[in-house]
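Below is the file final_5.cif, which contains mmCIF, C-alpha atoms.
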```
data_protein
#
loop_
_atom_site.group_PDB
_atom_site.id
_atom_site.type_symbol
_atom_site.label_atom_id
_atom_site.label_comp_id
_atom_site.auth_asym_id
_atom_site.auth_seq_id
_atom_site.Cartn_x
_atom_site.Cartn_y
_atom_site.Cartn_z
ATOM 1 C CA MET A 1 9.276 -8.343 -12.163
ATOM 2 C CA ALA A 2 11.006 -4.959 -12.218
ATOM 3 C CA PRO A 3 10.532 -2.728 -15.260
ATOM 4 C CA THR A 4 13.282 -2.741 -17.837
ATOM 5 C CA SER A 5 16.310 -0.542 -17.350
ATOM 6 C CA THR A 6 19.598 0.215 -19.049
ATOM 7 C CA PRO A 7 23.040 0.876 -17.569
ATOM 8 C CA GLN A 8 22.597 4.504 -18.612
ATOM 9 C CA THR A 9 19.168 4.817 -16.936
ATOM 10 C CA PRO A 10 19.041 2.066 -14.296
ATOM 11 C CA PHE A 11 15.914 3.501 -12.643
ATOM 12 C CA GLY A 12 14.400 5.250 -15.655
ATOM 13 C CA ARG A 13 14.479 9.022 -16.100
ATOM 14 C CA VAL A 14 11.630 10.522 -14.070
ATOM 15 C CA LEU A 15 11.123 9.412 -10.475
ATOM 16 C CA THR A 16 9.122 11.060 -7.710
ATOM 17 C CA ALA A 17 10.208 10.866 -4.083
ATOM 18 C CA MET A 18 6.757 9.954 -2.811
ATOM 19 C CA VAL A 19 5.165 11.272 0.357
ATOM 20 C CA THR A 20 3.741 8.752 2.805
ATOM 21 C CA PRO A 21 -0.022 9.198 3.188
ATOM 22 C CA PHE A 22 -1.408 8.975 6.716
ATOM 23 C CA THR A 23 -4.964 8.661 7.962
ATOM 24 C CA ALA A 24 -6.626 11.442 9.940
ATOM 25 C CA ASP A 25 -5.463 9.826 13.198
ATOM 26 C CA GLY A 26 -1.852 9.593 11.956
ATOM 27 C CA ALA A 27 -1.717 5.904 11.036
ATOM 28 C CA LEU A 28 -0.162 4.622 7.830
ATOM 29 C CA ASP A 29 -2.650 4.863 4.950
ATOM 30 C CA LEU A 30 -1.698 1.920 2.746
ATOM 31 C CA ASP A 31 -4.766 2.259 0.525
ATOM 32 C CA GLY A 32 -3.938 5.935 0.003
ATOM 33 C CA ALA A 33 -0.325 5.058 -0.759
ATOM 34 C CA GLN A 34 -1.432 2.626 -3.443
ATOM 35 C CA ARG A 35 -3.795 5.161 -5.000
ATOM 36 C CA LEU A 36 -1.151 7.895 -4.947
ATOM 37 C CA ALA A 37 1.483 5.560 -6.417
ATOM 38 C CA ALA A 38 -0.869 4.567 -9.245
ATOM 39 C CA HIS A 39 -1.679 8.233 -9.918
ATOM 40 C CA LEU A 40 2.015 9.144 -10.111
ATOM 41 C CA VAL A 41 2.894 6.276 -12.434
ATOM 42 C CA ASP A 42 -0.134 7.021 -14.627
ATOM 43 C CA ALA A 43 1.172 10.603 -14.864
ATOM 44 C CA GLY A 44 4.447 9.398 -16.357
ATOM 45 C CA ASN A 45 6.866 8.431 -13.586
ATOM 46 C CA ASP A 46 9.296 5.630 -14.390
ATOM 47 C CA GLY A 47 9.832 5.000 -10.699
ATOM 48 C CA LEU A 48 9.016 6.005 -7.152
ATOM 49 C CA ILE A 49 11.249 6.481 -4.144
ATOM 50 C CA ILE A 50 9.504 5.098 -1.072
ATOM 51 C CA ASN A 51 10.628 5.828 2.494
ATOM 52 C CA GLY A 52 12.828 8.749 1.574
ATOM 53 C CA THR A 53 12.976 11.970 3.542
ATOM 54 C CA THR A 54 9.971 13.244 1.572
ATOM 55 C CA GLY A 55 8.252 10.067 2.769
ATOM 56 C CA GLU A 56 8.878 11.174 6.375
ATOM 57 C CA SER A 57 11.188 8.209 6.914
ATOM 58 C CA PRO A 58 12.596 9.651 10.180
ATOM 59 C CA THR A 59 9.177 9.157 11.775
ATOM 60 C CA THR A 60 8.014 5.840 10.319
ATOM 61 C CA SER A 61 8.863 2.536 11.967
ATOM 62 C CA ASP A 62 10.804 -0.245 10.280
ATOM 63 C CA ALA A 63 7.590 -2.315 10.106
ATOM 64 C CA GLU A 64 5.714 0.585 8.491
ATOM 65 C CA LYS A 65 8.511 0.974 5.949
ATOM 66 C CA SER A 66 8.194 -2.681 4.957
ATOM 67 C CA ASP A 67 4.420 -2.492 4.731
ATOM 68 C CA LEU A 68 4.643 0.623 2.571
ATOM 69 C CA VAL A 69 7.112 -0.876 0.091
ATOM 70 C CA ARG A 70 5.018 -4.026 -0.142
ATOM 71 C CA ALA A 71 1.831 -2.038 -0.784
ATOM 72 C CA VAL A 72 3.394 0.156 -3.471
ATOM 73 C CA LEU A 73 4.905 -2.869 -5.194
ATOM 74 C CA GLU A 74 1.473 -4.468 -5.272
ATOM 75 C CA ALA A 75 0.026 -1.340 -6.862
ATOM 76 C CA VAL A 76 2.653 -0.412 -9.457
ATOM 77 C CA GLY A 77 5.599 -2.799 -9.189
ATOM 78 C CA ASP A 78 4.953 -4.334 -12.593
ATOM 79 C CA ARG A 79 5.266 -0.971 -14.374
ATOM 80 C CA ALA A 80 7.554 1.245 -12.304
ATOM 81 C CA HIS A 81 10.821 0.995 -10.408
ATOM 82 C CA VAL A 82 10.064 0.894 -6.683
ATOM 83 C CA VAL A 83 13.178 2.113 -4.882
ATOM 84 C CA ALA A 84 13.308 1.867 -1.096
ATOM 85 C CA GLY A 85 15.069 4.453 1.014
ATOM 86 C CA VAL A 86 17.175 2.548 3.528
ATOM 87 C CA GLY A 87 19.834 5.057 4.566
ATOM 88 C CA THR A 88 20.300 6.074 8.195
ATOM 89 C CA ASN A 89 23.235 7.356 10.217
ATOM 90 C CA ASP A 90 23.758 3.843 11.622
ATOM 91 C CA THR A 91 25.425 1.424 9.212
ATOM 92 C CA HIS A 92 24.090 -1.683 10.976
ATOM 93 C CA HIS A 93 20.521 -0.365 10.894
ATOM 94 C CA SER A 94 20.881 0.590 7.213
ATOM 95 C CA ILE A 95 22.045 -2.955 6.433
ATOM 96 C CA GLU A 96 18.977 -4.375 8.193
ATOM 97 C CA LEU A 97 16.680 -2.052 6.229
ATOM 98 C CA ALA A 98 18.403 -2.981 2.958
ATOM 99 C CA ARG A 99 17.932 -6.699 3.598
ATOM 100 C CA GLU A 100 14.293 -6.189 4.534
ATOM 101 C CA ALA A 101 13.663 -4.084 1.423
ATOM 102 C CA GLN A 102 15.067 -6.902 -0.694
ATOM 103 C CA ARG A 103 12.980 -9.445 1.197
ATOM 104 C CA VAL A 104 9.717 -7.635 0.418
ATOM 105 C CA GLY A 105 10.663 -7.191 -3.236
ATOM 106 C CA ALA A 106 12.002 -3.656 -3.743
ATOM 107 C CA HIS A 107 13.708 -3.099 -7.082
ATOM 108 C CA GLY A 108 16.496 -0.876 -5.762
ATOM 109 C CA LEU A 109 17.837 1.044 -2.779
ATOM 110 C CA LEU A 110 18.360 4.741 -2.071
ATOM 111 C CA VAL A 111 21.116 5.270 0.500
ATOM 112 C CA VAL A 112 21.589 8.758 1.906
ATOM 113 C CA THR A 113 24.826 10.046 3.400
ATOM 114 C CA PRO A 114 24.883 9.349 7.151
ATOM 115 C CA TYR A 115 23.603 12.527 8.759
ATOM 116 C CA TYR A 116 24.510 14.419 11.918
ATOM 117 C CA ASN A 117 27.504 12.284 12.955
ATOM 118 C CA LYS A 118 29.652 13.698 10.086
ATOM 119 C CA PRO A 119 31.904 10.717 9.287
ATOM 120 C CA PRO A 120 35.086 11.247 7.242
ATOM 121 C CA GLN A 121 35.225 10.157 3.613
ATOM 122 C CA GLU A 122 36.601 6.735 4.545
ATOM 123 C CA GLY A 123 33.633 6.277 6.866
ATOM 124 C CA LEU A 124 31.263 7.175 4.033
ATOM 125 C CA TYR A 125 33.002 4.738 1.712
ATOM 126 C CA ARG A 126 32.746 1.881 4.210
ATOM 127 C CA HIS A 127 29.120 2.718 5.041
ATOM 128 C CA PHE A 128 27.902 2.744 1.437
ATOM 129 C CA THR A 129 29.934 -0.329 0.559
ATOM 130 C CA ALA A 130 28.557 -2.273 3.531
ATOM 131 C CA VAL A 131 24.974 -1.459 2.581
ATOM 132 C CA ALA A 132 25.586 -2.345 -1.081
ATOM 133 C CA ASP A 133 27.143 -5.627 0.020
ATOM 134 C CA ALA A 134 24.114 -6.472 2.171
ATOM 135 C CA ALA A 135 21.521 -6.940 -0.589
ATOM 136 C CA GLU A 136 21.479 -8.014 -4.214
ATOM 137 C CA LEU A 137 19.877 -4.777 -5.398
ATOM 138 C CA PRO A 138 21.117 -1.796 -7.407
ATOM 139 C CA VAL A 139 21.989 1.188 -5.220
ATOM 140 C CA MET A 140 21.470 4.902 -5.766
ATOM 141 C CA LEU A 141 23.617 7.035 -3.477
ATOM 142 C CA TYR A 142 22.089 10.260 -2.156
ATOM 143 C CA ASP A 143 24.465 13.192 -1.724
ATOM 144 C CA ILE A 144 22.794 16.042 0.176
ATOM 145 C CA PRO A 145 25.365 17.863 2.327
ATOM 146 C CA GLY A 146 22.890 20.565 3.321
ATOM 147 C CA ARG A 147 21.052 17.957 5.389
ATOM 148 C CA SER A 148 23.723 15.376 6.108
ATOM 149 C CA GLY A 149 26.456 17.820 7.089
ATOM 150 C CA VAL A 150 29.100 16.225 4.837
ATOM 151 C CA PRO A 151 29.408 15.868 1.051
ATOM 152 C CA ILE A 152 30.407 12.722 -0.782
ATOM 153 C CA ASN A 153 33.628 13.971 -2.345
ATOM 154 C CA THR A 154 34.336 13.241 -5.990
ATOM 155 C CA GLU A 155 37.202 10.886 -5.142
ATOM 156 C CA THR A 156 34.853 8.910 -2.884
ATOM 157 C CA LEU A 157 32.178 8.749 -5.589
ATOM 158 C CA VAL A 158 34.776 7.415 -8.029
ATOM 159 C CA ARG A 159 35.794 4.703 -5.542
ATOM 160 C CA LEU A 160 32.187 3.789 -4.792
ATOM 161 C CA ALA A 161 31.373 3.507 -8.498
ATOM 162 C CA GLU A 162 33.703 0.517 -8.665
ATOM 163 C CA HIS A 163 31.185 -1.475 -6.612
ATOM 164 C CA PRO A 164 29.083 -3.560 -9.033
ATOM 165 C CA ARG A 165 25.797 -2.647 -7.336
ATOM 166 C CA ILE A 166 26.401 1.088 -6.821
ATOM 167 C CA VAL A 167 25.035 2.356 -10.119
ATOM 168 C CA ALA A 168 23.634 5.858 -9.562
ATOM 169 C CA ASN A 169 23.796 9.051 -7.533
ATOM 170 C CA LYS A 170 21.042 11.449 -6.514
ATOM 171 C CA ASP A 171 22.741 14.830 -6.493
ATOM 172 C CA ALA A 172 21.452 17.517 -4.129
ATOM 173 C CA LYS A 173 24.840 19.137 -3.670
ATOM 174 C CA GLY A 174 23.945 22.195 -5.727
ATOM 175 C CA ASP A 175 27.370 22.446 -7.377
ATOM 176 C CA LEU A 176 27.372 22.017 -11.152
ATOM 177 C CA GLY A 177 31.158 22.130 -11.369
ATOM 178 C CA ARG A 178 31.665 19.284 -8.942
ATOM 179 C CA ALA A 179 28.809 17.387 -10.552
ATOM 180 C CA SER A 180 30.482 17.756 -13.952
ATOM 181 C CA TRP A 181 33.717 16.232 -12.726
ATOM 182 C CA ALA A 182 32.010 13.471 -10.757
ATOM 183 C CA ILE A 183 29.802 12.449 -13.696
ATOM 184 C CA ALA A 184 32.785 12.370 -16.050
ATOM 185 C CA ARG A 185 35.046 10.435 -13.699
ATOM 186 C CA SER A 186 32.655 8.036 -11.962
ATOM 187 C CA GLY A 187 30.401 6.918 -14.800
ATOM 188 C CA LEU A 188 27.495 6.738 -12.340
ATOM 189 C CA ALA A 189 23.998 7.376 -13.650
ATOM 190 C CA TRP A 190 23.300 10.873 -12.348
ATOM 191 C CA TYR A 191 19.904 12.011 -11.100
ATOM 192 C CA SER A 192 19.028 15.562 -10.133
ATOM 193 C CA GLY A 193 17.910 15.729 -6.512
ATOM 194 C CA ASP A 194 17.267 19.474 -6.658
ATOM 195 C CA ASP A 195 14.294 20.382 -8.835
ATOM 196 C CA MET A 196 15.532 23.885 -9.657
ATOM 197 C CA LEU A 197 18.648 22.289 -11.184
ATOM 198 C CA ASN A 198 16.878 19.576 -13.203
ATOM 199 C CA LEU A 199 17.688 21.107 -16.587
ATOM 200 C CA PRO A 200 21.174 22.413 -15.669
ATOM 201 C CA LEU A 201 22.186 18.969 -14.414
ATOM 202 C CA LEU A 202 20.975 17.348 -17.635
ATOM 203 C CA SER A 203 23.279 19.745 -19.472
ATOM 204 C CA VAL A 204 26.362 18.365 -17.684
ATOM 205 C CA GLY A 205 25.434 14.708 -18.046
ATOM 206 C CA ALA A 206 22.592 13.783 -15.684
ATOM 207 C CA VAL A 207 20.124 11.205 -17.028
ATOM 208 C CA GLY A 208 17.008 12.148 -15.065
ATOM 209 C CA PHE A 209 15.400 13.387 -11.886
ATOM 210 C CA VAL A 210 14.380 12.271 -8.424
ATOM 211 C CA SER A 211 11.782 14.963 -7.925
ATOM 212 C CA VAL A 212 9.540 16.378 -5.237
ATOM 213 C CA VAL A 213 7.545 18.589 -7.603
ATOM 214 C CA GLY A 214 6.827 15.440 -9.605
ATOM 215 C CA HIS A 215 3.827 15.054 -7.314
ATOM 216 C CA VAL A 216 2.141 17.854 -9.269
ATOM 217 C CA VAL A 217 3.993 18.288 -12.606
ATOM 218 C CA THR A 218 5.214 14.868 -13.733
ATOM 219 C CA PRO A 219 3.955 15.336 -17.330
ATOM 220 C CA ASP A 220 6.004 18.539 -17.593
ATOM 221 C CA LEU A 221 9.103 16.845 -16.204
ATOM 222 C CA ARG A 222 8.644 14.001 -18.671
ATOM 223 C CA ALA A 223 8.276 16.474 -21.546
ATOM 224 C CA LEU A 224 11.369 18.377 -20.364
ATOM 225 C CA VAL A 225 13.671 15.371 -20.232
ATOM 226 C CA ASP A 226 12.272 13.900 -23.460
ATOM 227 C CA ALA A 227 12.854 17.217 -25.242
ATOM 228 C CA PHE A 228 16.396 17.499 -23.942
ATOM 229 C CA VAL A 229 17.313 13.905 -24.824
ATOM 230 C CA SER A 230 15.906 14.348 -28.339
ATOM 231 C CA GLY A 231 18.021 17.478 -28.827
ATOM 232 C CA ASP A 232 15.301 20.101 -28.500
ATOM 233 C CA VAL A 233 17.070 22.225 -25.906
ATOM 234 C CA GLN A 234 14.905 25.253 -26.664
ATOM 235 C CA LYS A 235 11.736 23.351 -25.759
ATOM 236 C CA ALA A 236 13.390 21.951 -22.617
ATOM 237 C CA THR A 237 14.352 25.478 -21.616
ATOM 238 C CA GLU A 238 10.817 26.741 -22.177
ATOM 239 C CA ILE A 239 9.422 24.014 -19.910
ATOM 240 C CA HIS A 240 12.090 24.768 -17.304
ATOM 241 C CA GLN A 241 11.095 28.420 -17.283
ATOM 242 C CA LYS A 242 7.398 27.562 -17.111
ATOM 243 C CA LEU A 243 8.087 25.457 -14.005
ATOM 244 C CA LEU A 244 10.112 28.083 -12.133
ATOM 245 C CA PRO A 245 7.118 29.226 -10.017
ATOM 246 C CA VAL A 246 6.447 25.594 -9.057
ATOM 247 C CA TYR A 247 10.082 24.935 -8.195
ATOM 248 C CA THR A 248 10.117 28.042 -6.024
ATOM 249 C CA GLY A 249 6.680 27.617 -4.492
ATOM 250 C CA MET A 250 7.082 24.013 -3.419
ATOM 251 C CA PHE A 251 10.161 24.901 -1.398
ATOM 252 C CA ARG A 252 9.117 28.172 0.255
ATOM 253 C CA THR A 253 8.816 26.047 3.375
ATOM 254 C CA GLN A 254 9.669 22.395 4.031
ATOM 255 C CA GLY A 255 8.964 20.333 0.921
ATOM 256 C CA VAL A 256 6.923 17.576 2.579
ATOM 257 C CA MET A 257 4.607 20.184 4.049
ATOM 258 C CA THR A 258 3.920 21.913 0.739
ATOM 259 C CA THR A 259 3.641 18.626 -1.147
ATOM 260 C CA LYS A 260 0.982 17.273 1.189
ATOM 261 C CA ALA A 261 -0.839 20.604 0.996
ATOM 262 C CA ALA A 262 -0.711 20.516 -2.826
ATOM 263 C CA LEU A 263 -1.985 16.933 -2.937
ATOM 264 C CA ALA A 264 -4.842 17.826 -0.584
ATOM 265 C CA LEU A 265 -5.777 20.727 -2.873
ATOM 266 C CA GLN A 266 -6.020 18.225 -5.742
ATOM 267 C CA GLY A 267 -8.036 15.713 -3.735
ATOM 268 C CA LEU A 268 -5.227 13.145 -3.701
ATOM 269 C CA PRO A 269 -4.140 10.994 -0.741
ATOM 270 C CA ALA A 270 -1.784 12.769 1.660
ATOM 271 C CA GLY A 271 -3.185 13.231 5.131
ATOM 272 C CA PRO A 272 -1.483 14.909 8.075
ATOM 273 C CA LEU A 273 2.217 15.107 8.866
ATOM 274 C CA ARG A 274 4.013 13.509 11.771
ATOM 275 C CA ALA A 275 5.749 15.686 14.309
ATOM 276 C CA PRO A 276 8.088 17.504 14.172
ATOM 277 C CA MET A 277 6.616 18.379 10.774
ATOM 278 C CA VAL A 278 3.534 20.616 10.878
ATOM 279 C CA GLU A 279 0.776 21.553 8.446
ATOM 280 C CA CYS A 280 1.173 24.621 6.252
ATOM 281 C CA THR A 281 -0.490 27.747 7.575
ATOM 282 C CA PRO A 282 -3.510 29.197 5.691
ATOM 283 C CA GLU A 283 -1.212 31.958 4.431
ATOM 284 C CA GLU A 284 1.328 29.435 3.144
ATOM 285 C CA ILE A 285 -1.424 27.510 1.366
ATOM 286 C CA GLU A 286 -2.699 30.661 -0.326
ATOM 287 C CA GLN A 287 0.816 31.450 -1.541
ATOM 288 C CA LEU A 288 1.199 27.866 -2.744
ATOM 289 C CA LYS A 289 -1.985 28.188 -4.787
ATOM 290 C CA ILE A 290 -0.583 31.323 -6.437
ATOM 291 C CA ASP A 291 2.762 29.637 -7.193
ATOM 292 C CA LEU A 292 1.189 26.472 -8.602
ATOM 293 C CA ALA A 293 -1.258 28.432 -10.750
ATOM 294 C CA ALA A 294 1.620 30.510 -12.123
ATOM 295 C CA GLY A 295 3.291 27.243 -13.207
ATOM 296 C CA GLY A 296 0.157 25.956 -14.903
ATOM 297 C CA VAL A 297 -0.911 23.438 -12.241
ATOM 298 C CA GLN A 298 -4.662 22.804 -12.171
ATOM 299 C CA LEU A 299 -6.161 22.781 -8.677
#
```
Written as structure tokens, that's how I'd like the structure from this file.
Amino acid sequence: MAPTSTPQTPFGRVLTAMVTPFTADGALDLDGAQRLAAHLVDAGNDGLIINGTTGESPTTSDAEKSDLVRAVLEAVGDRAHVVAGVGTNDTHHSIELAREAQRVGAHGLLVVTPYYNKPPQEGLYRHFTAVADAAELPVMLYDIPGRSGVPINTETLVRLAEHPRIVANKDAKGDLGRASWAIARSGLAWYSGDDMLNLPLLSVGAVGFVSVVGHVVTPDLRALVDAFVSGDVQKATEIHQKLLPVYTGMFRTQGVMTTKAALALQGLPAGPLRAPMVECTPEEIEQLKIDLAAGGVQL
């Protein structure tokens, strides 16, 4: 049974886009995934995104994706929203992944903008609608033009919000003005997909975060959003400023790389990366230690 939700916060407020742990020989580490998921939920996450880009979804097979969702559900599905990333740049394949995610019990779907092929807005509308039609699960769109090559325009977001199962948007557009208009006009539950903008997006109407740095600072993110929602903007700002070194440090290079390095430093399941991703260099790890320490992270 999925955790409770409200129309305003359909997936809770604090979610981490979880890495996919691998064994030393590069195989899927399902035991490690369960231990990491439990650790993240114990730390205060309302939900976890599984098989997102931070989960190295481009390099995991469809069967591995199913096994991973099933394992995480077994570990934390009774106390956290388990949202499966199913977006690809092939609508038919995304539909298949959505149906499989529903079959294994996922609580919701994350659907990224089709990448590389740069469809027009009508193509985006039809793609997202087709995936939402394919499964009886709530859908969070994922707007990240820096990776996908095209934005989901505000008019398209407003149209998509009319679909009964499209309930939220993960915003990594980096444009507070456009976010303001889209939140006001669409009514979608808005989640920050850019950690540096977590607090600014709350200020224009976001309800929570889908975070990468949540792997190491979930209690701080929980305190930040709780402070803001309760009206203590000064405290939220203080936490935001405390976390600036973490926000910066975790994205000095590719976020999956630094996240797995940070987890390894804390003795948590992570393992190697799959090509074309590579491990952080010793120099990058030393800088990461400095950045995390500056943000109060215990290693």
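Counting all atoms listed in the file, the residue from A:Val210, A:Leu124, A:Ala106, A:Val217 that sits nearest to Asp90 in chain A is A:Leu124.
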- Closest of A:His127, A:His107, A:Arg165, A:His215 to Asp78 in chain A - atom-to-atom distances counting all atoms listed in the file: A:His107
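From CA of Leu176 in chain A back to CA of Ser203 in chain A, the distance works out to 9.5 Å.
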- Task: Name every residue that the PyMOL selection byres ((chain A and resi 142) around 10) selects in this structure, writing the answer as a ChimeraX atom specification with chains first and numbers rising.
- Result: /A:85,87,110-114,139-141,143-145,148,151-152,168-173,191,193
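If you measure from each of A:Thr129, A:Gln102, A:Gln34, A:Asn51 to Ala75 in chain A using all atoms listed in the file, the closest one turns out to be A:Gln34.
For the atom pair formed by CA of Ala223 in chain A and CA of Pro138 in chain A, the distance is 26.4 Å, given to one decimal.
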- Message: Ranking A:Gly205, A:Gly26, A:Gly271, A:Gly295 by minimum distance to Arg178 in chain A and counting all atoms listed in the file, which one comes first?
- Response: A:Gly205
Please write the residues picked by the PyMOL selection byres ((chain A and resi 7-16) around 10) on this file as a PDB file with C-alpha atoms, in the coordinates of the input.
```pdb
ATOM      1  CA  ALA A   2      11.006  -4.959 -12.218  1.00  0.00           C
ATOM      2  CA  PRO A   3      10.532  -2.728 -15.260  1.00  0.00           C
ATOM      3  CA  THR A   4      13.282  -2.741 -17.837  1.00  0.00           C
ATOM      4  CA  SER A   5      16.310  -0.542 -17.350  1.00  0.00           C
ATOM      5  CA  THR A   6      19.598   0.215 -19.049  1.00  0.00           C
ATOM      6  CA  ALA A  17      10.208  10.866  -4.083  1.00  0.00           C
ATOM      7  CA  MET A  18       6.757   9.954  -2.811  1.00  0.00           C
ATOM      8  CA  VAL A  19       5.165  11.272   0.357  1.00  0.00           C
ATOM      9  CA  ALA A  37       1.483   5.560  -6.417  1.00  0.00           C
ATOM     10  CA  LEU A  40       2.015   9.144 -10.111  1.00  0.00           C
ATOM     11  CA  VAL A  41       2.894   6.276 -12.434  1.00  0.00           C
ATOM     12  CA  GLY A  44       4.447   9.398 -16.357  1.00  0.00           C
ATOM     13  CA  ASN A  45       6.866   8.431 -13.586  1.00  0.00           C
ATOM     14  CA  ASP A  46       9.296   5.630 -14.390  1.00  0.00           C
ATOM     15  CA  GLY A  47       9.832   5.000 -10.699  1.00  0.00           C
ATOM     16  CA  LEU A  48       9.016   6.005  -7.152  1.00  0.00           C
ATOM     17  CA  ILE A  49      11.249   6.481  -4.144  1.00  0.00           C
ATOM     18  CA  ILE A  50       9.504   5.098  -1.072  1.00  0.00           C
ATOM     19  CA  THR A  54       9.971  13.244   1.572  1.00  0.00           C
ATOM     20  CA  ALA A  80       7.554   1.245 -12.304  1.00  0.00           C
ATOM     21  CA  HIS A  81      10.821   0.995 -10.408  1.00  0.00           C
ATOM     22  CA  VAL A  82      10.064   0.894  -6.683  1.00  0.00           C
ATOM     23  CA  VAL A  83      13.178   2.113  -4.882  1.00  0.00           C
ATOM     24  CA  HIS A 107      13.708  -3.099  -7.082  1.00  0.00           C
ATOM     25  CA  GLY A 108      16.496  -0.876  -5.762  1.00  0.00           C
ATOM     26  CA  PRO A 138      21.117  -1.796  -7.407  1.00  0.00           C
ATOM     27  CA  VAL A 139      21.989   1.188  -5.220  1.00  0.00           C
ATOM     28  CA  MET A 140      21.470   4.902  -5.766  1.00  0.00           C
ATOM     29  CA  VAL A 167      25.035   2.356 -10.119  1.00  0.00           C
ATOM     30  CA  ALA A 168      23.634   5.858  -9.562  1.00  0.00           C
ATOM     31  CA  GLY A 187      30.401   6.918 -14.800  1.00  0.00           C
ATOM     32  CA  LEU A 188      27.495   6.738 -12.340  1.00  0.00           C
ATOM     33  CA  ALA A 189      23.998   7.376 -13.650  1.00  0.00           C
ATOM     34  CA  TRP A 190      23.300  10.873 -12.348  1.00  0.00           C
ATOM     35  CA  TYR A 191      19.904  12.011 -11.100  1.00  0.00           C
ATOM     36  CA  SER A 192      19.028  15.562 -10.133  1.00  0.00           C
ATOM     37  CA  ALA A 206      22.592  13.783 -15.684  1.00  0.00           C
ATOM     38  CA  VAL A 207      20.124  11.205 -17.028  1.00  0.00           C
ATOM     39  CA  GLY A 208      17.008  12.148 -15.065  1.00  0.00           C
ATOM     40  CA  PHE A 209      15.400  13.387 -11.886  1.00  0.00           C
ATOM     41  CA  VAL A 210      14.380  12.271  -8.424  1.00  0.00           C
ATOM     42  CA  SER A 211      11.782  14.963  -7.925  1.00  0.00           C
ATOM     43  CA  VAL A 212       9.540  16.378  -5.237  1.00  0.00           C
ATOM     44  CA  VAL A 213       7.545  18.589  -7.603  1.00  0.00           C
ATOM     45  CA  GLY A 214       6.827  15.440  -9.605  1.00  0.00           C
ATOM     46  CA  HIS A 215       3.827  15.054  -7.314  1.00  0.00           C
ATOM     47  CA  VAL A 216       2.141  17.854  -9.269  1.00  0.00           C
ATOM     48  CA  THR A 218       5.214  14.868 -13.733  1.00  0.00           C
ATOM     49  CA  PRO A 219       3.955  15.336 -17.330  1.00  0.00           C
ATOM     50  CA  LEU A 221       9.103  16.845 -16.204  1.00  0.00           C
ATOM     51  CA  ARG A 222       8.644  14.001 -18.671  1.00  0.00           C
ATOM     52  CA  VAL A 225      13.671  15.371 -20.232  1.00  0.00           C
ATOM     53  CA  ASP A 226      12.272  13.900 -23.460  1.00  0.00           C
TER      54      ASP A 226
END
```
- Provide the CA of Pro21 in chain A to CA of Ile290 in chain A distance in Å, to one decimal place. 24.1 Å
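Counting all atoms listed in the file, the residue from A:Asp175, A:Leu157, A:Leu28, A:Asp220 that sits nearest to Glu238 in chain A is A:Asp220.
Taking all atoms listed in the file into account, Leu268 in chain A lies nearest to A:His39 out of the set A:His39, A:Lys65, A:His93, A:Arg103.
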- Task: Tell me which residues the PyMOL selection byres ((chain A and resi 96) around 10) grabs here, as number ranges by chain.
- Result: A: 62, 86, 91-95, 97-101, 131, 134-135
What lies within 9 Å of Arg185 in chain A using all atoms listed in the file, ignoring chain neighbours under 6 positions off, as a PDB file with C-alpha atoms, in the coordinates of the input?
```pdb
ATOM      1  CA  THR A 154      34.336  13.241  -5.990  1.00  0.00           C
ATOM      2  CA  GLU A 155      37.202  10.886  -5.142  1.00  0.00           C
ATOM      3  CA  LEU A 157      32.178   8.749  -5.589  1.00  0.00           C
ATOM      4  CA  VAL A 158      34.776   7.415  -8.029  1.00  0.00           C
TER       5      VAL A 158
END
```
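For Leu224 in chain A, the residues within 9 Å (counting only C-alpha atoms, excluding itself and residues fewer than 3 positions away along the chain) are Leu199, Pro219, Asp220, Leu221, Ala227, Phe228, Val229, Val233, Lys235, Ala236, Thr237, Glu238, Ile239 and His240 of chain A.
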- Message: At a cut-off of 8 Å, using all atoms listed in the file, what residues contact range 116-122 of chain A? Leave out same-chain residues fewer than 6 positions from it and give the result as a ChimeraX atom specification.
- Response: /A:89,148-150,152-153,156
Produce the centre coordinates and the three edge lengths, each in Å to one decimal, of the box along x, y and z that contains all listed atoms of range 161-171 of chain A with 4 Å added on each side, as AutoDock Vina command-line options.
```
--center_x 27.4 --center_y 5.6 --center_z -8.3 --size_x 20.7 --size_y 26.4 --size_z 11.6
```
